[in-house]
file entry-v9.cif (mmCIF, C-alpha atoms)
data_target
loop_
_atom_site.label_atom_id
_atom_site.label_comp_id
_atom_site.auth_asym_id
_atom_site.auth_seq_id
_atom_site.Cartn_x
_atom_site.Cartn_y
_atom_site.Cartn_z
CA MET A 283 13.88 -13.91 5.23
CA GLY A 284 11.06 -11.79 3.83
CA LEU A 285 7.56 -11.38 5.11
CA SER A 286 5.21 -14.23 4.28
CA PRO A 287 2.21 -13.68 2.01
CA GLU A 288 -0.07 -14.37 4.99
CA ILE A 289 1.58 -11.64 7.06
CA LEU A 290 1.37 -9.18 4.16
CA ARG A 291 -2.28 -10.06 3.55
CA LYS A 292 -3.03 -9.31 7.20
CA ARG A 293 -1.00 -6.11 7.22
CA THR A 294 -2.63 -4.78 4.06
CA PHE A 295 -6.09 -5.70 5.37
CA ASP A 296 -5.40 -4.05 8.72
CA PHE A 297 -4.01 -0.99 6.96
CA ALA A 298 -7.22 -0.61 4.93
CA LEU A 299 -9.41 -1.16 7.98
CA ASN A 300 -7.45 1.27 10.13
CA THR A 301 -7.56 3.87 7.36
CA LEU A 302 -11.34 3.50 7.06
CA ARG A 303 -11.78 3.88 10.82
CA THR A 304 -9.43 6.85 11.01
CA ILE A 305 -11.05 8.70 8.11
CA GLU A 306 -14.48 8.33 9.71
CA GLY A 307 -13.27 10.62 12.51
CA LEU A 308 -12.41 13.60 10.30
CA LYS A 309 -14.53 16.73 10.57
CA LYS A 310 -17.07 17.07 7.79
CA SER A 311 -15.97 19.43 5.05
CA MET A 312 -15.83 19.43 1.27
CA SER A 313 -12.03 19.12 1.23
CA ASN A 314 -12.02 16.28 3.76
CA GLU A 315 -14.68 14.48 1.76
CA VAL A 316 -12.59 14.65 -1.42
CA MET A 317 -9.37 13.58 0.34
CA SER A 318 -11.19 10.84 2.26
CA LYS A 319 -12.56 9.28 -0.90
CA GLN A 320 -9.09 9.31 -2.45
CA VAL A 321 -7.32 7.73 0.52
CA VAL A 322 -10.06 5.15 0.99
CA ARG A 323 -9.66 4.10 -2.66
CA SER A 324 -5.89 3.85 -2.50
CA ALA A 325 -5.66 2.25 0.97
CA THR A 326 -8.22 -0.45 0.17
CA SER A 327 -6.56 -1.05 -3.21
CA VAL A 328 -3.27 -1.96 -1.52
CA GLY A 329 -4.65 -5.17 -0.05
CA ALA A 330 -6.94 -6.00 -2.95
CA ASN A 331 -4.13 -5.67 -5.47
CA TYR A 332 -1.69 -7.58 -3.26
CA ARG A 333 -4.16 -10.48 -3.17
CA ALA A 334 -4.34 -10.30 -6.97
CA ALA A 335 -0.53 -10.36 -7.16
CA CYS A 336 -0.50 -13.54 -5.08
CA LYS A 337 -2.64 -15.17 -7.78
CA ALA A 338 -0.55 -13.90 -10.69
CA LYS A 339 -0.36 -16.10 -13.77
CA SER A 340 3.34 -15.49 -14.40
CA THR A 341 6.37 -13.75 -12.94
CA ALA A 342 5.81 -10.78 -15.24
CA ASP A 343 2.17 -10.57 -14.12
CA PHE A 344 3.30 -10.77 -10.48
CA ILE A 345 5.80 -7.94 -10.98
CA ASN A 346 3.22 -5.75 -12.73
CA LYS A 347 0.69 -6.32 -9.97
CA LEU A 348 3.29 -5.60 -7.28
CA LYS A 349 4.07 -2.29 -9.00
CA ILE A 350 0.37 -1.40 -8.74
CA VAL A 351 0.45 -2.24 -5.03
CA GLU A 352 3.52 -0.03 -4.64
CA GLU A 353 1.80 2.84 -6.48
CA GLU A 354 -1.35 2.53 -4.37
CA SER A 355 0.77 2.48 -1.21
CA ASP A 356 2.57 5.64 -2.34
CA GLU A 357 -0.72 7.31 -3.15
CA SER A 358 -1.99 6.42 0.32
CA VAL A 359 1.08 8.08 1.84
CA TYR A 360 0.36 11.23 -0.16
CA TRP A 361 -3.30 11.47 0.86
CA LEU A 362 -2.58 10.68 4.51
CA GLU A 363 0.13 13.37 4.59
CA LEU A 364 -2.20 15.88 2.93
CA ILE A 365 -5.04 15.06 5.34
CA LYS A 366 -2.64 15.40 8.27
CA ALA A 367 -1.38 18.80 7.09
CA HIS A 368 -4.82 20.15 6.16
CA ASN A 369 -6.41 19.09 9.44
CA GLN A 370 -3.31 19.83 11.55
CA ILE A 371 -3.47 16.34 13.04
CA ASN A 372 -1.05 15.59 15.85
CA ASP A 373 -2.17 12.15 17.00
CA SER A 374 -0.08 9.06 17.73
CA ASN A 375 -2.61 6.68 16.13
CA TYR A 376 -2.57 8.73 12.94
CA GLU A 377 1.24 8.70 13.00
CA LEU A 378 1.18 4.89 13.26
CA LEU A 379 -1.13 4.71 10.25
CA LEU A 380 1.13 7.00 8.24
CA LYS A 381 4.19 4.98 9.30
CA GLU A 382 2.53 1.74 8.17
CA SER A 383 1.63 3.24 4.79
CA LYS A 384 5.27 4.24 4.26
CA GLU A 385 6.51 0.80 5.37
CA LEU A 386 4.13 -0.97 3.00
CA GLU A 387 5.31 1.22 0.14
CA LYS A 388 8.94 0.29 0.88
CA ILE A 389 8.12 -3.41 1.25
CA PHE A 390 6.33 -3.61 -2.09
CA ALA A 391 8.93 -1.51 -3.91
CA ALA A 392 11.65 -3.85 -2.64
CA SER A 393 9.55 -6.93 -3.47
CA ALA A 394 9.04 -5.77 -7.05
CA ILE A 395 12.79 -5.16 -7.45
CA THR A 396 13.60 -8.59 -5.99
CA ALA A 397 11.08 -10.33 -8.24
CA LYS A 398 12.42 -8.49 -11.29
CA ASN A 399 16.03 -9.38 -10.39
CA ASN A 400 15.07 -13.02 -9.80
CA LYS A 401 13.37 -13.11 -13.20
CA LEU A 402 16.44 -11.61 -14.88
CA ASN A 403 18.77 -14.03 -13.10
CA SER A 404 16.69 -17.05 -14.01
CA SER A 405 16.57 -16.00 -17.67
CA HIS A 406 20.36 -15.48 -17.70
CA ASN A 407 20.89 -18.91 -16.12
CA ARG A 408 18.91 -20.55 -18.93
CA GLN A 409 21.17 -19.11 -21.61
#

call {"tool": "encode", "arguments": {"input": "entry-v9.cif", "output": "structure tokens"}}
result
Amino acid sequence: MGLSPEILRKRTFDFALNTLRTIEGLKKSMSNEVMSKQVVRSATSVGANYRAACKAKSTADFINKLKIVEEESDESVYWLELIKAHNQINDSNYELLLKESKELEKIFAASAITAKNNKLNSSHNRQ
């Protein structure tokens, strides 16, 4: 059994909120400012785009929106890894945030594949 939409809504919201709170603690520098803006955009887009996927007009629309969520999750992983390396962060809370971003990416990648396979199977069954 997969994760319910309610659980995923909460996880994506919490991920965005935790990212915002974590980024606030970075030392002020030009590079951190640039990376912070990028990760804030991608991390907050995960939940916003997942909510849009839940309101999709069709299966194809749902799949397309899930792919966007997957891409935003992957981008969040990238920026969090770059911030970690640049700032030489060795903090368990940061590791949990990075772990969650990777898990969300995997969840949405698998969800998009499942939805696509279900669409293909249902179209084959109609023939």

call {"tool": "resolve_selection", "arguments": {"input": "entry-v9.cif", "expression": "the PyMOL selection byres ((chain A and resi 297) around 10)", "output": "list of chain:residue names"}}
result
A:Arg291, A:Lys292, A:Arg293, A:Thr294, A:Phe295, A:Asp296, A:Ala298, A:Leu299, A:Asn300, A:Thr301, A:Leu302, A:Arg303, A:Ala325, A:Thr326, A:Val328, A:Gly329, A:Leu379, A:Leu380, A:Glu382, A:Ser383, A:Leu386

call {"tool": "closest_residue", "arguments": {"input": "entry-v9.cif", "among": "A:Leu290, A:Ile365, A:Leu378, A:Leu308", "to": "Gln320 (chain A)", "atoms": "only C-alpha atoms"}}
result
A:Ile365

call {"tool": "atom_distance", "arguments": {"input": "entry-v9.cif", "atom1": "CA of Glu357 (chain A)", "atom2": "CA of Phe344 (chain A)"}}
result
19.9 Å

call {"tool": "resolve_selection", "arguments": {"input": "entry-v9.cif", "expression": "the PyMOL selection byres ((chain A and resi 349) around 12)", "output": "VMD selection string"}}
result
chain A and resid 328 331 to 332 334 to 335 342 to 348 350 to 356 387 to 398

call {"tool": "atom_distance", "arguments": {"input": "entry-v9.cif", "atom1": "CA of Lys319 (chain A)", "atom2": "CA of Ile371 (chain A)"}}
result
18.1 Å

call {"tool": "atom_distance", "arguments": {"input": "entry-v9.cif", "atom1": "CA of Arg323 (chain A)", "atom2": "CA of Ser340 (chain A)"}}
result
26.3 Å

call {"tool": "closest_residue", "arguments": {"input": "entry-v9.cif", "among": "A:Lys337, A:Asn369, A:Asn399, A:Asn375", "to": "Lys310 (chain A)", "atoms": "all atoms listed in the file"}}
result
A:Asn369

call {"tool": "closest_residue", "arguments": {"input": "entry-v9.cif", "among": "A:Pro287, A:Leu402, A:Asp373, A:Ser358", "to": "Ser324 (chain A)", "atoms": "only C-alpha atoms"}}
result
A:Ser358

call {"tool": "build_atoms", "arguments": {"input": "entry-v9.cif", "residues": "region 309-342 of chain A", "atoms": "N, CA and C atoms", "output": "PDB file, keeping the file's coordinate frame"}}
result
ATOM      1  N   LYS A 309     -13.410  15.783  10.593  1.00  0.00           N
ATOM      2  CA  LYS A 309     -14.530  16.730  10.570  1.00  0.00           C
ATOM      3  C   LYS A 309     -15.101  16.790   9.155  1.00  0.00           C
ATOM      4  N   LYS A 310     -16.381  17.032   9.081  1.00  0.00           N
ATOM      5  CA  LYS A 310     -17.070  17.070   7.790  1.00  0.00           C
ATOM      6  C   LYS A 310     -16.777  18.384   7.088  1.00  0.00           C
ATOM      7  N   SER A 311     -16.209  18.268   5.897  1.00  0.00           N
ATOM      8  CA  SER A 311     -15.970  19.430   5.050  1.00  0.00           C
ATOM      9  C   SER A 311     -15.817  18.927   3.626  1.00  0.00           C
ATOM     10  N   MET A 312     -15.952  19.832   2.669  1.00  0.00           N
ATOM     11  CA  MET A 312     -15.830  19.430   1.270  1.00  0.00           C
ATOM     12  C   MET A 312     -14.428  18.892   0.988  1.00  0.00           C
ATOM     13  N   SER A 313     -13.398  19.569   1.487  1.00  0.00           N
ATOM     14  CA  SER A 313     -12.030  19.120   1.230  1.00  0.00           C
ATOM     15  C   SER A 313     -11.755  17.773   1.882  1.00  0.00           C
ATOM     16  N   ASN A 314     -12.219  17.577   3.098  1.00  0.00           N
ATOM     17  CA  ASN A 314     -12.020  16.280   3.760  1.00  0.00           C
ATOM     18  C   ASN A 314     -12.770  15.176   3.034  1.00  0.00           C
ATOM     19  N   GLU A 315     -13.921  15.495   2.488  1.00  0.00           N
ATOM     20  CA  GLU A 315     -14.680  14.480   1.760  1.00  0.00           C
ATOM     21  C   GLU A 315     -13.909  14.022   0.522  1.00  0.00           C
ATOM     22  N   VAL A 316     -13.350  14.977  -0.217  1.00  0.00           N
ATOM     23  CA  VAL A 316     -12.590  14.650  -1.420  1.00  0.00           C
ATOM     24  C   VAL A 316     -11.349  13.824  -1.049  1.00  0.00           C
ATOM     25  N   MET A 317     -10.587  14.288  -0.066  1.00  0.00           N
ATOM     26  CA  MET A 317      -9.370  13.580   0.340  1.00  0.00           C
ATOM     27  C   MET A 317      -9.695  12.208   0.917  1.00  0.00           C
ATOM     28  N   SER A 318     -10.787  12.121   1.668  1.00  0.00           N
ATOM     29  CA  SER A 318     -11.190  10.840   2.260  1.00  0.00           C
ATOM     30  C   SER A 318     -11.498   9.804   1.199  1.00  0.00           C
ATOM     31  N   LYS A 319     -12.231  10.218   0.171  1.00  0.00           N
ATOM     32  CA  LYS A 319     -12.560   9.280  -0.900  1.00  0.00           C
ATOM     33  C   LYS A 319     -11.284   8.779  -1.586  1.00  0.00           C
ATOM     34  N   GLN A 320     -10.338   9.678  -1.790  1.00  0.00           N
ATOM     35  CA  GLN A 320      -9.090   9.310  -2.450  1.00  0.00           C
ATOM     36  C   GLN A 320      -8.291   8.314  -1.608  1.00  0.00           C
ATOM     37  N   VAL A 321      -8.124   8.616  -0.327  1.00  0.00           N
ATOM     38  CA  VAL A 321      -7.320   7.730   0.520  1.00  0.00           C
ATOM     39  C   VAL A 321      -8.017   6.397   0.762  1.00  0.00           C
ATOM     40  N   VAL A 322      -9.331   6.408   0.832  1.00  0.00           N
ATOM     41  CA  VAL A 322     -10.060   5.150   0.990  1.00  0.00           C
ATOM     42  C   VAL A 322      -9.845   4.272  -0.233  1.00  0.00           C
ATOM     43  N   ARG A 323      -9.894   4.872  -1.417  1.00  0.00           N
ATOM     44  CA  ARG A 323      -9.660   4.100  -2.660  1.00  0.00           C
ATOM     45  C   ARG A 323      -8.256   3.505  -2.679  1.00  0.00           C
ATOM     46  N   SER A 324      -7.268   4.344  -2.399  1.00  0.00           N
ATOM     47  CA  SER A 324      -5.890   3.850  -2.500  1.00  0.00           C
ATOM     48  C   SER A 324      -5.564   2.847  -1.381  1.00  0.00           C
ATOM     49  N   ALA A 325      -5.986   3.139  -0.162  1.00  0.00           N
ATOM     50  CA  ALA A 325      -5.660   2.250   0.970  1.00  0.00           C
ATOM     51  C   ALA A 325      -6.322   0.880   0.827  1.00  0.00           C
ATOM     52  N   THR A 326      -7.550   0.852   0.346  1.00  0.00           N
ATOM     53  CA  THR A 326      -8.220  -0.450   0.170  1.00  0.00           C
ATOM     54  C   THR A 326      -7.672  -1.179  -1.059  1.00  0.00           C
ATOM     55  N   SER A 327      -7.148  -0.424  -2.020  1.00  0.00           N
ATOM     56  CA  SER A 327      -6.560  -1.050  -3.210  1.00  0.00           C
ATOM     57  C   SER A 327      -5.246  -1.760  -2.903  1.00  0.00           C
ATOM     58  N   VAL A 328      -4.543  -1.324  -1.876  1.00  0.00           N
ATOM     59  CA  VAL A 328      -3.270  -1.960  -1.520  1.00  0.00           C
ATOM     60  C   VAL A 328      -3.486  -3.451  -1.279  1.00  0.00           C
ATOM     61  N   GLY A 329      -4.387  -3.769  -0.383  1.00  0.00           N
ATOM     62  CA  GLY A 329      -4.650  -5.170  -0.050  1.00  0.00           C
ATOM     63  C   GLY A 329      -5.301  -5.946  -1.175  1.00  0.00           C
ATOM     64  N   ALA A 330      -6.245  -5.321  -1.847  1.00  0.00           N
ATOM     65  CA  ALA A 330      -6.940  -6.000  -2.950  1.00  0.00           C
ATOM     66  C   ALA A 330      -5.966  -6.354  -4.071  1.00  0.00           C
ATOM     67  N   ASN A 331      -5.096  -5.411  -4.406  1.00  0.00           N
ATOM     68  CA  ASN A 331      -4.130  -5.670  -5.470  1.00  0.00           C
ATOM     69  C   ASN A 331      -3.019  -6.621  -5.021  1.00  0.00           C
ATOM     70  N   TYR A 332      -2.681  -6.609  -3.747  1.00  0.00           N
ATOM     71  CA  TYR A 332      -1.690  -7.580  -3.260  1.00  0.00           C
ATOM     72  C   TYR A 332      -2.270  -8.998  -3.385  1.00  0.00           C
ATOM     73  N   ARG A 333      -3.528  -9.160  -3.034  1.00  0.00           N
ATOM     74  CA  ARG A 333      -4.160 -10.480  -3.170  1.00  0.00           C
ATOM     75  C   ARG A 333      -4.153 -10.919  -4.631  1.00  0.00           C
ATOM     76  N   ALA A 334      -4.387  -9.980  -5.545  1.00  0.00           N
ATOM     77  CA  ALA A 334      -4.340 -10.300  -6.970  1.00  0.00           C
ATOM     78  C   ALA A 334      -2.931 -10.699  -7.390  1.00  0.00           C
ATOM     79  N   ALA A 335      -1.931 -10.022  -6.846  1.00  0.00           N
ATOM     80  CA  ALA A 335      -0.530 -10.360  -7.160  1.00  0.00           C
ATOM     81  C   ALA A 335      -0.215 -11.785  -6.723  1.00  0.00           C
ATOM     82  N   CYS A 336      -0.755 -12.179  -5.588  1.00  0.00           N
ATOM     83  CA  CYS A 336      -0.500 -13.540  -5.080  1.00  0.00           C
ATOM     84  C   CYS A 336      -1.083 -14.610  -5.994  1.00  0.00           C
ATOM     85  N   LYS A 337      -2.019 -14.229  -6.835  1.00  0.00           N
ATOM     86  CA  LYS A 337      -2.640 -15.170  -7.780  1.00  0.00           C
ATOM     87  C   LYS A 337      -2.176 -14.927  -9.210  1.00  0.00           C
ATOM     88  N   ALA A 338      -1.067 -14.244  -9.360  1.00  0.00           N
ATOM     89  CA  ALA A 338      -0.550 -13.900 -10.690  1.00  0.00           C
ATOM     90  C   ALA A 338      -0.323 -15.143 -11.530  1.00  0.00           C
ATOM     91  N   LYS A 339      -0.498 -14.981 -12.825  1.00  0.00           N
ATOM     92  CA  LYS A 339      -0.360 -16.100 -13.770  1.00  0.00           C
ATOM     93  C   LYS A 339       1.085 -16.355 -14.195  1.00  0.00           C
ATOM     94  N   SER A 340       1.944 -15.346 -13.993  1.00  0.00           N
ATOM     95  CA  SER A 340       3.340 -15.490 -14.400  1.00  0.00           C
ATOM     96  C   SER A 340       4.180 -14.529 -13.552  1.00  0.00           C
ATOM     97  N   THR A 341       5.483 -14.654 -13.668  1.00  0.00           N
ATOM     98  CA  THR A 341       6.370 -13.750 -12.940  1.00  0.00           C
ATOM     99  C   THR A 341       6.175 -12.314 -13.416  1.00  0.00           C
ATOM    100  N   ALA A 342       6.028 -12.124 -14.710  1.00  0.00           N
ATOM    101  CA  ALA A 342       5.810 -10.780 -15.240  1.00  0.00           C
ATOM    102  C   ALA A 342       4.501 -10.189 -14.716  1.00  0.00           C
TER     103      ALA A 342
END
